[in-house]
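*Asks:* Contents of my_file_29.tsv (TSV, C-alpha atoms and all ligand atoms):
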```tsv
chain	number	residue	atom	x	y	z
C	4	MET	CA	89.75	98.49	93.06
C	5	THR	CA	89.57	95.86	95.79
C	6	GLU	CA	88.34	96.88	99.23
C	7	TYR	CA	88.93	94.34	102.01
C	8	LYS	CA	86.49	94.37	104.91
C	9	ILE	CA	88.40	93.55	108.10
C	10	ALA	CA	87.27	92.73	111.62
C	11	LEU	CA	89.79	93.19	114.43
C	12	VAL	CA	89.68	90.57	117.18
C	13	GLY	CA	91.57	91.86	120.21
C	14	PHE	CA	92.14	95.62	120.18
C	15	GLY	CA	95.38	95.94	122.15
C	16	GLY	CA	98.70	97.28	120.95
C	17	VAL	CA	98.97	95.37	117.67
C	18	ASN	CA	95.47	95.83	116.26
C	19	ARG	CA	95.41	99.46	117.45
C	20	GLY	CA	98.68	99.83	115.55
C	21	PHE	CA	96.96	98.31	112.53
C	22	ALA	CA	94.07	100.80	112.85
C	23	GLN	CA	96.72	103.55	112.99
C	24	LEU	CA	98.24	102.29	109.72
C	25	VAL	CA	94.78	102.27	108.12
C	26	ALA	CA	94.09	105.80	109.39
C	27	ASP	CA	97.40	107.11	108.03
C	28	ARG	CA	97.96	105.08	104.86
C	29	ASN	CA	94.76	103.70	103.32
C	30	ALA	CA	94.78	106.23	100.47
C	31	GLN	CA	98.44	105.46	99.76
C	32	TRP	CA	97.74	101.69	99.69
C	33	LYS	CA	95.18	102.22	96.92
C	34	GLU	CA	98.07	103.36	94.71
C	35	SER	CA	100.92	101.23	96.00
C	36	LEU	CA	99.19	97.95	96.90
C	37	GLY	CA	96.05	97.99	94.75
C	38	PHE	CA	93.58	97.69	97.62
C	39	THR	CA	92.03	99.63	100.46
C	40	ILE	CA	90.81	98.47	103.85
C	41	LYS	CA	87.54	99.07	105.62
C	42	ILE	CA	87.33	98.11	109.31
C	43	VAL	CA	83.82	96.64	109.76
C	44	GLY	CA	84.10	95.25	113.27
C	45	VAL	CA	86.15	95.27	116.46
C	46	THR	CA	85.84	93.00	119.48
C	47	ASP	CA	87.93	93.00	122.64
C	48	LEU	CA	87.46	91.29	126.00
C	49	PHE	CA	88.13	94.56	127.89
C	50	LEU	CA	86.78	97.22	125.49
C	51	GLY	CA	83.61	95.53	124.17
C	52	SER	CA	82.58	95.22	120.55
C	53	ILE	CA	81.14	97.02	117.56
C	54	VAL	CA	80.02	96.17	114.04
C	55	ALA	CA	79.54	98.78	111.30
C	56	LYS	CA	79.04	97.29	107.86
C	57	ASP	CA	79.62	100.71	106.26
C	58	GLY	CA	82.97	100.95	108.03
C	59	LEU	CA	84.39	102.47	111.20
C	60	ASP	CA	86.49	105.62	111.38
C	61	ALA	CA	90.02	104.27	111.97
C	62	LYS	CA	91.16	107.59	113.53
C	63	GLN	CA	88.29	107.41	116.02
C	64	LEU	CA	89.23	103.82	116.89
C	65	VAL	CA	92.85	104.78	117.50
C	66	ALA	CA	91.72	107.56	119.84
C	67	LEU	CA	89.45	105.25	121.87
C	68	PRO	CA	90.35	105.44	125.58
C	69	ILE	CA	91.66	102.22	127.17
C	70	GLU	CA	88.73	101.91	129.57
C	71	LYS	CA	86.47	98.94	130.35
C	72	GLY	CA	83.63	98.84	127.81
C	73	ALA	CA	84.95	101.86	125.85
C	74	LEU	CA	83.54	100.64	122.52
C	75	ALA	CA	80.05	101.34	123.93
C	76	GLN	CA	80.95	105.05	123.60
C	77	LEU	CA	80.74	104.74	119.79
C	78	PRO	CA	77.35	104.73	118.01
C	79	GLY	CA	76.17	101.08	117.80
C	80	GLY	CA	78.95	99.91	120.15
C	81	ASN	CA	78.54	97.51	123.05
C	82	ALA	CA	80.41	97.10	126.33
C	83	GLU	CA	80.41	93.31	125.88
C	84	ALA	CA	82.78	91.44	123.56
C	85	PHE	CA	80.53	89.54	121.15
C	86	ASN	CA	83.47	87.73	119.57
C	87	GLU	CA	81.54	85.07	117.69
C	88	ALA	CA	79.05	87.54	116.21
C	89	VAL	CA	81.81	89.92	115.09
C	90	ILE	CA	83.87	87.11	113.56
C	91	LYS	CA	81.02	85.35	111.78
C	92	HIS	CA	78.50	88.11	111.05
C	93	SER	CA	80.26	91.47	110.59
C	94	GLY	CA	80.59	90.81	106.86
C	95	ALA	CA	84.39	90.71	107.12
C	96	ASP	CA	86.49	89.12	104.35
C	97	ILE	CA	89.47	88.95	106.72
C	98	ILE	CA	89.78	88.55	110.50
C	99	ALA	CA	92.86	90.13	112.11
C	100	GLU	CA	93.32	88.04	115.26
C	101	ALA	CA	95.57	89.66	117.89
C	102	THR	CA	94.38	88.52	121.30
C	103	PHE	CA	96.67	87.22	124.06
C	104	THR	CA	98.99	84.33	123.17
C	105	ASN	CA	98.08	81.37	125.37
C	106	PRO	CA	101.21	79.17	125.37
C	107	VAL	CA	99.43	76.23	127.04
C	108	ASP	CA	96.52	75.42	124.72
C	109	GLY	CA	96.33	78.33	122.27
C	110	GLU	CA	92.79	79.17	123.34
C	111	PRO	CA	90.49	80.99	122.85
C	112	ALA	CA	92.38	82.32	119.81
C	113	THR	CA	92.37	78.91	118.11
C	114	THR	CA	88.58	78.80	118.36
C	115	PHE	CA	88.40	82.33	116.89
C	116	CYS	CA	90.52	81.16	113.92
C	117	ARG	CA	88.33	78.04	113.47
C	118	TRP	CA	85.13	80.14	113.49
C	119	ALA	CA	86.52	82.40	110.77
C	120	LEU	CA	88.03	79.69	108.56
C	121	GLU	CA	84.90	77.48	108.78
C	122	SER	CA	82.88	80.54	107.72
C	123	GLY	CA	85.03	81.03	104.61
C	124	ILE	CA	86.82	84.09	106.05
C	125	HIS	CA	90.60	84.61	105.69
C	126	VAL	CA	92.61	84.88	108.94
C	127	VAL	CA	95.73	86.95	109.59
C	128	THR	CA	97.19	86.61	113.07
C	129	THR	CA	100.20	87.56	115.17
C	130	ASN	CA	99.22	85.09	117.88
C	131	LYS	CA	101.76	82.30	118.34
C	132	GLY	CA	99.49	79.89	120.25
C	133	PRO	CA	97.19	78.73	117.43
C	134	ILE	CA	100.09	78.16	115.03
C	135	ALA	CA	102.55	76.45	117.38
C	136	LEU	CA	99.88	74.26	118.99
C	137	HIS	CA	97.26	73.73	116.25
C	138	GLY	CA	98.99	74.88	113.07
C	139	ALA	CA	98.50	71.71	111.01
C	140	GLU	CA	94.78	71.53	111.81
C	141	LEU	CA	94.18	75.23	111.05
C	142	LYS	CA	96.12	75.10	107.77
C	143	ALA	CA	94.08	72.07	106.67
C	144	LEU	CA	90.86	73.86	107.67
C	145	ALA	CA	91.89	76.90	105.62
C	146	ARG	CA	92.66	74.71	102.59
C	147	ARG	CA	89.31	72.92	102.84
C	148	ASN	CA	87.51	76.26	102.94
C	149	GLN	CA	89.69	77.82	100.21
C	150	VAL	CA	90.76	80.71	102.38
C	151	ALA	CA	94.12	81.89	103.69
C	152	PHE	CA	95.63	81.44	107.15
C	153	GLU	CA	98.61	83.83	107.40
C	154	TYR	CA	100.83	84.47	110.43
C	155	GLU	CA	104.05	86.24	109.40
C	156	GLY	CA	104.03	88.37	112.59
C	157	ALA	CA	104.12	85.35	114.88
C	158	VAL	CA	107.92	85.13	114.52
C	159	MET	CA	110.11	88.26	114.58
C	160	SER	CA	107.18	90.69	114.39
C	161	GLY	CA	107.41	92.79	111.20
C	162	THR	CA	110.66	91.21	110.00
C	163	PRO	CA	109.47	88.77	107.32
C	164	VAL	CA	111.43	85.63	108.18
C	165	ILE	CA	108.79	82.95	107.58
C	166	ARG	CA	108.06	83.95	103.98
C	167	LEU	CA	111.70	84.76	103.34
C	168	ALA	CA	112.85	81.31	104.44
C	169	LYS	CA	109.96	79.40	102.82
C	170	GLN	CA	109.90	81.25	99.52
C	171	ALA	CA	113.19	83.02	98.87
C	172	LEU	CA	115.32	80.22	100.39
C	173	ALA	CA	113.30	77.39	98.81
C	174	GLY	CA	115.84	75.01	97.24
C	175	ALA	CA	118.73	76.21	99.40
C	176	ASN	CA	117.85	73.41	101.87
C	177	VAL	CA	117.58	74.92	105.32
C	178	GLN	CA	119.13	72.44	107.77
C	179	GLY	CA	118.66	74.43	110.93
C	180	PHE	CA	118.56	77.87	112.51
C	181	GLU	CA	119.62	79.74	115.61
C	182	GLY	CA	118.28	83.09	116.62
C	183	ILE	CA	117.36	85.78	119.07
C	184	LEU	CA	113.60	85.45	118.80
C	185	ASN	CA	112.24	87.44	121.74
C	186	GLY	CA	112.37	91.22	121.80
C	187	THR	CA	111.57	91.61	125.50
C	188	SER	CA	114.31	89.32	126.83
C	189	ASN	CA	116.89	90.81	124.47
C	190	TYR	CA	115.81	94.31	125.55
C	191	VAL	CA	116.10	93.30	129.21
C	192	LEU	CA	119.60	91.83	128.72
C	193	SER	CA	120.70	94.98	126.85
C	194	GLN	CA	119.32	97.28	129.55
C	195	MET	CA	120.97	95.19	132.29
C	196	LYS	CA	124.27	95.57	130.43
C	197	ASP	CA	123.72	99.35	130.75
C	198	GLY	CA	123.13	99.00	134.50
C	199	LEU	CA	119.32	98.74	134.82
C	200	ALA	CA	117.82	96.21	137.25
C	201	PHE	CA	116.05	93.15	135.77
C	202	ASN	CA	112.57	94.08	137.07
C	203	ASP	CA	112.85	97.71	135.91
C	204	ALA	CA	113.90	96.57	132.45
C	205	VAL	CA	110.87	94.23	132.26
C	206	VAL	CA	108.57	97.12	133.21
C	207	GLN	CA	110.12	99.26	130.45
C	208	ALA	CA	109.57	96.46	127.91
C	209	GLN	CA	105.92	96.28	128.99
C	210	GLN	CA	105.53	100.06	128.59
C	211	LEU	CA	107.05	99.90	125.12
C	212	GLY	CA	104.49	97.25	124.05
C	213	TYR	CA	107.05	94.46	123.60
C	214	ALA	CA	106.09	92.10	126.42
C	215	GLU	CA	103.44	89.39	126.57
C	216	ALA	CA	100.42	89.92	128.83
C	217	ASP	CA	102.35	87.74	131.30
C	218	PRO	CA	106.04	88.64	130.77
C	219	THR	CA	107.07	85.35	132.38
C	220	ALA	CA	106.57	83.92	128.88
C	221	ASP	CA	109.25	86.30	127.57
C	222	VAL	CA	111.89	85.91	130.27
C	223	GLU	CA	111.49	82.16	130.89
C	224	GLY	CA	111.79	81.27	127.19
C	225	PHE	CA	108.21	80.02	126.66
C	226	ASP	CA	107.55	82.60	123.93
C	227	VAL	CA	110.75	81.61	122.09
C	228	ARG	CA	109.79	77.94	122.43
C	229	LEU	CA	106.55	78.61	120.51
C	230	LYS	CA	108.53	80.44	117.80
C	231	VAL	CA	111.08	77.62	117.55
C	232	VAL	CA	108.23	75.12	117.09
C	233	ILE	CA	106.66	77.34	114.39
C	234	LEU	CA	109.94	77.80	112.47
C	235	ALA	CA	111.04	74.16	112.80
C	236	ASN	CA	107.67	72.85	111.62
C	237	GLU	CA	107.51	75.35	108.73
C	238	LEU	CA	111.10	75.12	107.50
C	239	LEU	CA	112.41	71.71	108.55
C	240	ASN	CA	109.13	69.79	108.07
C	241	ALA	CA	109.44	68.81	111.70
C	242	ARG	CA	106.40	67.81	113.69
C	243	LEU	CA	107.59	69.26	116.96
C	244	ASN	CA	105.35	69.78	119.93
C	245	VAL	CA	106.19	72.32	122.60
C	246	SER	CA	107.13	69.46	124.97
C	247	ASP	CA	109.85	68.34	122.51
C	248	VAL	CA	111.82	71.58	123.03
C	249	ALA	CA	114.06	71.88	126.11
C	250	CYS	CA	113.50	75.38	127.47
C	251	SER	CA	115.10	77.75	129.96
C	252	GLY	CA	115.18	81.55	130.15
C	253	ILE	CA	117.15	84.54	131.40
C	254	SER	CA	115.69	85.14	134.85
C	255	ASN	CA	118.66	83.48	136.59
C	256	ILE	CA	121.24	85.70	134.84
C	257	SER	CA	122.46	88.26	137.36
C	258	ALA	CA	123.91	91.74	136.90
C	259	GLN	CA	127.24	90.23	138.01
C	260	ASP	CA	127.04	87.54	135.30
C	261	ILE	CA	126.47	90.24	132.68
C	262	ALA	CA	129.31	92.43	133.98
C	263	GLN	CA	131.65	89.42	134.06
C	264	ALA	CA	130.71	88.52	130.48
C	265	SER	CA	131.37	92.10	129.31
C	266	ALA	CA	134.77	92.07	130.99
C	267	ASN	CA	135.57	88.83	129.10
C	268	GLY	CA	134.40	90.18	125.71
C	269	GLU	CA	131.24	88.04	125.79
C	270	SER	CA	127.46	88.62	125.85
C	271	TRP	CA	124.53	86.63	127.24
C	272	LYS	CA	121.78	85.98	124.67
C	273	LEU	CA	118.57	83.93	124.79
C	274	ILE	CA	118.92	81.61	121.80
C	275	GLY	CA	116.25	79.48	120.15
C	276	SER	CA	117.60	76.88	117.77
C	277	ALA	CA	116.72	73.76	115.81
C	278	ASP	CA	118.85	71.42	113.71
C	279	ARG	CA	118.24	68.44	111.51
C	280	GLU	CA	120.18	65.45	112.84
C	281	ALA	CA	121.91	62.79	110.73
C	282	ASP	CA	118.94	60.42	111.24
C	283	GLY	CA	116.52	63.08	109.89
C	284	SER	CA	115.03	63.97	113.29
C	285	VAL	CA	115.01	67.60	114.47
C	286	ARG	CA	116.50	68.63	117.81
C	287	ALA	CA	115.47	72.03	119.21
C	288	SER	CA	116.17	74.07	122.33
C	289	VAL	CA	115.77	77.44	124.01
C	290	GLU	CA	118.52	78.53	126.41
C	291	ALA	CA	120.64	81.48	127.47
C	292	ARG	CA	124.08	81.20	125.86
C	293	LEU	CA	127.29	83.08	126.47
C	294	LEU	CA	128.47	84.25	123.03
C	295	PRO	CA	131.87	85.73	122.19
C	296	ASN	CA	131.40	89.31	120.98
C	297	SER	CA	132.69	88.21	117.55
C	298	HIS	CA	129.56	85.99	117.11
C	299	PRO	CA	127.06	87.48	114.57
C	300	LEU	CA	124.23	87.38	117.17
C	301	ALA	CA	126.25	88.92	120.03
C	302	GLY	CA	125.82	92.53	118.86
C	303	ILE	CA	122.02	92.35	118.40
C	304	ALA	CA	120.71	94.80	121.00
C	305	GLY	CA	117.38	95.99	122.37
C	306	ALA	CA	114.11	94.62	120.93
C	307	THR	CA	115.86	93.75	117.67
C	308	ASN	CA	115.79	90.05	116.74
C	309	ALA	CA	117.99	88.08	114.37
C	310	VAL	CA	117.98	84.58	112.99
C	311	SER	CA	120.70	82.74	111.16
C	312	PHE	CA	119.48	80.00	108.81
C	313	ASN	CA	121.98	77.23	108.17
C	314	THR	CA	121.48	76.32	104.50
C	315	GLU	CA	123.12	73.54	102.50
C	316	LEU	CA	123.80	75.71	99.41
C	317	LEU	CA	124.54	79.16	100.84
C	318	GLY	CA	125.88	78.47	104.31
C	319	ALA	CA	124.55	80.87	106.94
C	320	VAL	CA	121.94	83.43	105.88
C	321	THR	CA	121.27	85.88	108.70
C	322	VAL	CA	118.29	88.24	108.91
C	323	SER	CA	117.87	90.91	111.53
C	324	GLY	CA	115.11	93.41	112.24
C	325	PRO	CA	112.40	94.45	114.70
C	326	GLY	CA	111.32	91.56	116.93
C	327	ALA	CA	108.49	93.32	118.75
C	328	GLY	CA	106.54	96.57	118.77
C	329	ARG	CA	103.00	97.67	117.99
C	330	ILE	CA	103.46	99.29	114.58
C	331	GLU	CA	106.17	96.80	113.59
C	332	THR	CA	103.82	93.88	114.30
C	333	ALA	CA	100.87	95.65	112.68
C	334	PHE	CA	103.02	95.81	109.53
C	335	ALA	CA	103.15	91.98	109.62
C	336	LEU	CA	99.33	91.93	109.44
C	337	LEU	CA	99.54	94.21	106.42
C	338	SER	CA	102.11	91.92	104.79
C	339	ASP	CA	99.73	88.98	105.36
C	340	ILE	CA	96.93	90.92	103.66
C	341	VAL	CA	99.26	91.67	100.74
C	342	ALA	CA	99.92	87.90	100.51
C	343	ILE	CA	96.16	87.25	100.48
C	344	HIS	CA	95.68	89.91	97.80
C	345	THR	CA	98.42	88.32	95.68
C	346	ALA	CA	96.98	84.81	96.02
C	347	HIS	CA	93.24	85.48	96.11
C	348	GLY	CA	92.74	89.10	95.02
C	349	LYS	CA	90.77	90.27	92.04
D	1	LIG	N1	103.32	93.42	120.82
D	1	LIG	C1	104.23	92.81	120.07
D	1	LIG	O1	105.33	93.30	119.86
D	1	LIG	C2	103.90	91.50	119.41
D	1	LIG	C3	104.75	91.01	118.41
D	1	LIG	C4	104.43	89.79	117.78
D	1	LIG	C5	103.31	89.08	118.21
D	1	LIG	N2	102.53	89.59	119.21
D	1	LIG	C6	101.34	88.83	119.58
D	1	LIG	O2	100.20	89.53	119.09
D	1	LIG	C7	99.09	89.39	119.98
D	1	LIG	C8	98.61	90.78	120.40
D	1	LIG	O3	99.67	91.46	121.02
D	1	LIG	P1	99.42	92.89	121.69
D	1	LIG	O4	100.75	93.44	121.99
D	1	LIG	O5	98.45	93.67	120.89
D	1	LIG	O6	98.74	92.42	123.05
D	1	LIG	P2	97.84	93.30	124.02
D	1	LIG	O7	97.89	92.61	125.33
D	1	LIG	O8	98.20	94.73	123.91
D	1	LIG	O9	96.37	93.15	123.38
D	1	LIG	C9	95.64	91.97	123.39
D	1	LIG	C10	94.18	92.37	123.41
D	1	LIG	O10	93.40	91.19	123.28
D	1	LIG	C11	92.27	91.32	124.10
D	1	LIG	N3	91.79	89.98	124.42
D	1	LIG	C12	92.39	89.06	125.20
D	1	LIG	N4	91.63	87.94	125.26
D	1	LIG	C13	90.53	88.18	124.50
D	1	LIG	C14	89.38	87.43	124.20
D	1	LIG	N5	89.18	86.21	124.70
D	1	LIG	N6	88.45	87.99	123.39
D	1	LIG	C15	88.61	89.23	122.88
D	1	LIG	N7	89.67	89.99	123.16
D	1	LIG	C16	90.64	89.48	123.96
D	1	LIG	C17	92.76	92.07	125.33
D	1	LIG	O11	91.68	92.71	126.00
D	1	LIG	C18	93.76	93.03	124.73
D	1	LIG	O12	93.18	94.30	124.46
D	1	LIG	C19	99.60	88.53	121.14
D	1	LIG	O13	99.22	87.20	120.88
D	1	LIG	C20	101.11	88.68	121.08
D	1	LIG	O14	101.77	87.54	121.55
D	1	LIG	C21	102.78	90.78	119.79
D	2	LIG	N1	106.58	89.44	123.57
D	2	LIG	C1	107.14	89.12	122.31
D	2	LIG	C2	106.38	89.81	121.21
D	2	LIG	C3	106.79	89.34	119.84
D	2	LIG	O1	106.35	88.03	119.61
D	2	LIG	C4	108.59	89.57	122.28
D	2	LIG	O2	109.00	90.33	123.16
D	2	LIG	O3	109.32	89.15	121.38
```
Transcribe the structure of this file into C-alpha cells.

*Replies:*
Amino acid sequence: MTEYKIALVGFGGVNRGFAQLVADRNAQWKESLGFTIKIVGVTDLFLGSIVAKDGLDAKQLVALPIEKGALAQLPGGNAEAFNEAVIKHSGADIIAEATFTNPVDGEPATTFCRWALESGIHVVTTNKGPIALHGAELKALARRNQVAFEYEGAVMSGTPVIRLAKQALAGANVQGFEGILNGTSNYVLSQMKDGLAFNDAVVQAQQLGYAEADPTADVEGFDVRLKVVILANELLNARLNVSDVACSGISNISAQDIAQASANGESWKLIGSADREADGSVRASVEARLLPNSHPLAGIAGATNAVSFNTELLGAVTVSGPGAGRIETAFALLSDIVAIHTAHGK
C-alpha cells in the first residue's frame, strides 16, 4: 500500500479543505484509490509552520483557529512560516501549494514550486500565477527532475477541464474555447439579478471562500485572464503571455443594465475565450458579454463555471461544474495526486 507524505504550503480555505478530505476519507481512499495520505508539514504566512515526520492529525489541523501564529499551539509548531524548510526538509513526496495567486509575477508561489521540483518532490497546486506566468519553465524543471507538476484546480476548481480537454479530447482538434471561468464574478452577476448590490454580493462571495485575496482580480477579469492563458497554452499550443489578452471585467455593469438585460431575455456574463486564427495565431480576450438566454452559457448561475470547447471533429463540447469553493478545489488537489499515483505510483 502506497502512503504519500504531503506538505501543505498555504493553509487557507483550499488546503484546509484538503485536510478535511484527509480527515474524513483517508481510510476510504486506501480501498478506492490504492493509497493513503500522511500530512507531514504545514506552512502558512499567517499561521506559522510545523513539521511532523510521523504525521499530523488532520482533524486537529482542520480545527486550528484562524489566529496569527496558531500552528505554534501544536506540539513542535512554530509561529513563523519556515516555508523553505517545510518544502525541502519535511520529508514530503508531494507539496500541495495553495498560497495567494499573484497575477503580476506569480511569486512567491513560483519559487515554492521551484524549490520542490529541484528537490525531486512532486507539486500539486491550485495557484494560477506559477502556471500562467512560468508554466513552461516549471514543466521543464519537473521533467528534468522526473517529478510531476499538476495543476488541475487552477482552472474551474474541481471540474476537471484541463485533463478532459488534453486527454479525452486528444485528436478531436480543439480550435478554441469560450467560458465562464470565474466563480466570484458569476456569483456576483447572479446575485445582482436577484436584487443584491454589487458590493454586498462580493462580500458574500468572499465569505463563501470563492474570491481571491484581492477580489479586484475576480471582478476586473484578471483571474479569468490567467485561466485563459493557461487553457490556450495547454490546448492550443499557444505561447500567450498575460499582456496578449485584452481584459475587462464586470465592475461597470449596473443593476439597471442587468434589469434591462432580463427584460430583453438576455444575461450579462464574464466570458474568457481564445480561438485559433486562419494564420495559426491565437487570439484571446476576457470581457463581459450580453448573451441571449438561449445561449448555452446564459443559464450558468452562481459559482458554477462552464466552458465550451470548439472542436474540429465533434463541434462544441461543453462542460459545466463548480468553479470555486474550498472542498471543490481541494478535490482538484486529490485528482492531481491520483494522476501522480497513476503515472509514478508503485
Ligand atoms: N478558493 C477557491 O475557490 C479557489 C479555486 C481555485 C483556485 N484557487 C487558488 O488556490 C489558492 C488558495 O486559495 P484559498 O481560497 O485557499 O486562499 P486563502 O486566501 O484562503 O488561503 C491562502 C493562504 O496562503 C497563505 N499564504 C499567502 N502567502 C503565503 C506565503 N508567502 N507563504 C506561506 N503562506 C502564504 C495565507 O496566509 C492564506 O492562509 C489561491 O492561489 C487561489 O487563487 C482557489
Ligand atoms: N477566485 C476564483 C477561484 C477559482 O479560481 C473564482 O472565483 O473563480

*Asks:* Skip Phe312 of chain C itself and residues of its chain fewer than 5 positions away, then list as a VMD selection string all residues within 7 Å of it, counting all atoms listed in the file.

*Replies:* chain C and resid 177 179 to 181 319 to 321

*Asks:* Find the residues of segment 85-204 of chain C that sit at most 7 Å from segment 7-16 of chain C; for each, write down the nearest two atoms and how far apart they are in Å, to one decimal. Count all atoms listed in the file. Sort by chain, then by number going up, and give it as JSON lines.

*Replies:*
```
{"residue": "C:Ile90", "atom": "CA", "partner": "C:Ala10", "partner_atom": "CA", "distance": 6.8}
{"residue": "C:Ala95", "atom": "CA", "partner": "C:Lys8", "partner_atom": "CA", "distance": 4.8}
{"residue": "C:Asp96", "atom": "CA", "partner": "C:Lys8", "partner_atom": "CA", "distance": 5.3}
{"residue": "C:Ile97", "atom": "CA", "partner": "C:Ile9", "partner_atom": "CA", "distance": 4.9}
{"residue": "C:Ile98", "atom": "CA", "partner": "C:Ala10", "partner_atom": "CA", "distance": 5.0}
{"residue": "C:Ala99", "atom": "CA", "partner": "C:Leu11", "partner_atom": "CA", "distance": 4.9}
{"residue": "C:Glu100", "atom": "CA", "partner": "C:Val12", "partner_atom": "CA", "distance": 4.8}
{"residue": "C:Ala101", "atom": "CA", "partner": "C:Gly13", "partner_atom": "CA", "distance": 5.1}
{"residue": "C:Thr102", "atom": "CA", "partner": "C:Gly13", "partner_atom": "CA", "distance": 4.5}
```

*Asks:* Report as a compact mmCIF listing (two decimals) with C-alpha atoms, in the frame of the given file all protein, DNA and RNA residues lying within 9 Å of Val25 of chain C, evaluated on all atoms listed in the file, omitting residues in the same chain fewer than 2 positions from it.

*Replies:*
```txt
# COMPACT_ATOMS: atom_id res chain seq x y z
CA GLY C 20 98.68 99.83 115.55
CA PHE C 21 96.96 98.31 112.53
CA ALA C 22 94.07 100.80 112.85
CA GLN C 23 96.72 103.55 112.99
CA ASP C 27 97.40 107.11 108.03
CA ARG C 28 97.96 105.08 104.86
CA ASN C 29 94.76 103.70 103.32
CA ALA C 30 94.78 106.23 100.47
CA TRP C 32 97.74 101.69 99.69
CA THR C 39 92.03 99.63 100.46
CA ILE C 40 90.81 98.47 103.85
CA LYS C 41 87.54 99.07 105.62
CA ILE C 42 87.33 98.11 109.31
CA ALA C 61 90.02 104.27 111.97
CA LYS C 62 91.16 107.59 113.53
```

*Asks:* Report the closest atom pair, with its distance in Å rounded to one decimal, for each residue of chain C that has an atom no farther than 6 Å from ligand LIG 1 (chain D); count only C-alpha atoms and all ligand atoms, sort by chain and then rising residue number, and write it as CSV.

*Replies:*
```
residue,atom,partner,partner_atom,distance
C:Val12,CA,D:LIG1,C15,6.0
C:Gly13,CA,D:LIG1,O10,3.6
C:Phe14,CA,D:LIG1,O12,4.6
C:Gly15,CA,D:LIG1,O9,3.2
C:Gly16,CA,D:LIG1,O5,3.6
C:Val17,CA,D:LIG1,O5,3.7
C:Asn18,CA,D:LIG1,O5,5.9
C:Thr46,CA,D:LIG1,C15,5.8
C:Asp47,CA,D:LIG1,N7,3.5
C:Leu48,CA,D:LIG1,N7,3.8
C:Phe49,CA,D:LIG1,O11,4.4
C:Ala101,CA,D:LIG1,C8,4.1
C:Thr102,CA,D:LIG1,O10,3.5
C:Phe103,CA,D:LIG1,O13,4.1
C:Thr104,CA,D:LIG1,O13,3.7
C:Pro111,CA,D:LIG1,N5,5.7
C:Thr129,CA,D:LIG1,O2,4.4
C:Asn130,CA,D:LIG1,O13,3.7
C:Gly156,CA,D:LIG1,C4,5.4
C:Ala157,CA,D:LIG1,C5,5.1
C:Ser160,CA,D:LIG1,C4,4.5
C:Gly212,CA,D:LIG1,N1,5.1
C:Tyr213,CA,D:LIG1,O1,4.3
C:Glu215,CA,D:LIG1,O14,5.6
C:Ala216,CA,D:LIG1,O7,5.1
C:Ala327,CA,D:LIG1,O1,3.3
C:Gly328,CA,D:LIG1,O1,3.7
C:Arg329,CA,D:LIG1,N1,5.1
C:Thr332,CA,D:LIG1,C3,5.1
```

*Asks:* Rounded to one decimal in Å, what is the spacing between atom CA of Glu83 of chain C and atom CA of Cys116 of chain C?

*Replies:*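 These two atoms are separated by 19.8 Å.
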
*Asks:* Taking (87.9, 99.8, 96.9) as a centre in this file's frame and 7 Å as the limit, can you find every polymer residue with an atom that close, using all atoms listed in the file, and give them as a list in words?

*Replies:*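 Here the neighbourhood of the point contains Met4, Thr5, Glu6, Phe38 and Thr39 of chain C.
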
*Asks:* Kindly complete segment 258-270 of chain C to N, CA and C atoms; the output should be written as an mmCIF file, keeping the file's coordinate frame.

*Replies:*
```cif
data_model
loop_
_atom_site.group_PDB
_atom_site.id
_atom_site.type_symbol
_atom_site.label_atom_id
_atom_site.label_comp_id
_atom_site.auth_asym_id
_atom_site.auth_seq_id
_atom_site.Cartn_x
_atom_site.Cartn_y
_atom_site.Cartn_z
ATOM 1 N N ALA C 258 123.139 90.575 137.358
ATOM 2 C CA ALA C 258 123.910 91.740 136.900
ATOM 3 C C ALA C 258 125.405 91.411 136.903
ATOM 4 N N GLN C 259 125.818 90.620 137.916
ATOM 5 C CA GLN C 259 127.240 90.230 138.010
ATOM 6 C C GLN C 259 127.635 89.344 136.823
ATOM 7 N N ASP C 260 126.750 88.412 136.451
ATOM 8 C CA ASP C 260 127.040 87.540 135.300
ATOM 9 C C ASP C 260 127.249 88.391 134.046
ATOM 10 N N ILE C 261 126.398 89.405 133.892
ATOM 11 C CA ILE C 261 126.470 90.240 132.680
ATOM 12 C C ILE C 261 127.756 91.078 132.690
ATOM 13 N N ALA C 262 128.077 91.613 133.872
ATOM 14 C CA ALA C 262 129.310 92.430 133.980
ATOM 15 C C ALA C 262 130.540 91.560 133.700
ATOM 16 N N GLN C 263 130.516 90.339 134.255
ATOM 17 C CA GLN C 263 131.650 89.420 134.060
ATOM 18 C C GLN C 263 131.823 89.080 132.574
ATOM 19 N N ALA C 264 130.664 88.843 131.911
ATOM 20 C CA ALA C 264 130.710 88.520 130.480
ATOM 21 C C ALA C 264 131.298 89.691 129.703
ATOM 22 N N SER C 265 130.849 90.903 130.010
ATOM 23 C CA SER C 265 131.370 92.100 129.310
ATOM 24 C C SER C 265 132.887 92.198 129.475
ATOM 25 N N ALA C 266 133.325 91.973 130.713
ATOM 26 C CA ALA C 266 134.770 92.070 130.990
ATOM 27 C C ALA C 266 135.558 91.038 130.171
ATOM 28 N N ASN C 267 134.895 89.893 129.861
ATOM 29 C CA ASN C 267 135.570 88.830 129.100
ATOM 30 C C ASN C 267 135.343 88.947 127.591
ATOM 31 N N GLY C 268 134.679 90.033 127.146
ATOM 32 C CA GLY C 268 134.400 90.180 125.710
ATOM 33 C C GLY C 268 133.319 89.226 125.240
ATOM 34 N N GLU C 269 132.329 88.967 126.120
ATOM 35 C CA GLU C 269 131.240 88.040 125.790
ATOM 36 C C GLU C 269 129.891 88.686 126.120
ATOM 37 N N SER C 270 128.817 88.098 125.571
ATOM 38 C CA SER C 270 127.460 88.620 125.850
ATOM 39 C C SER C 270 126.513 87.450 126.068
#
```
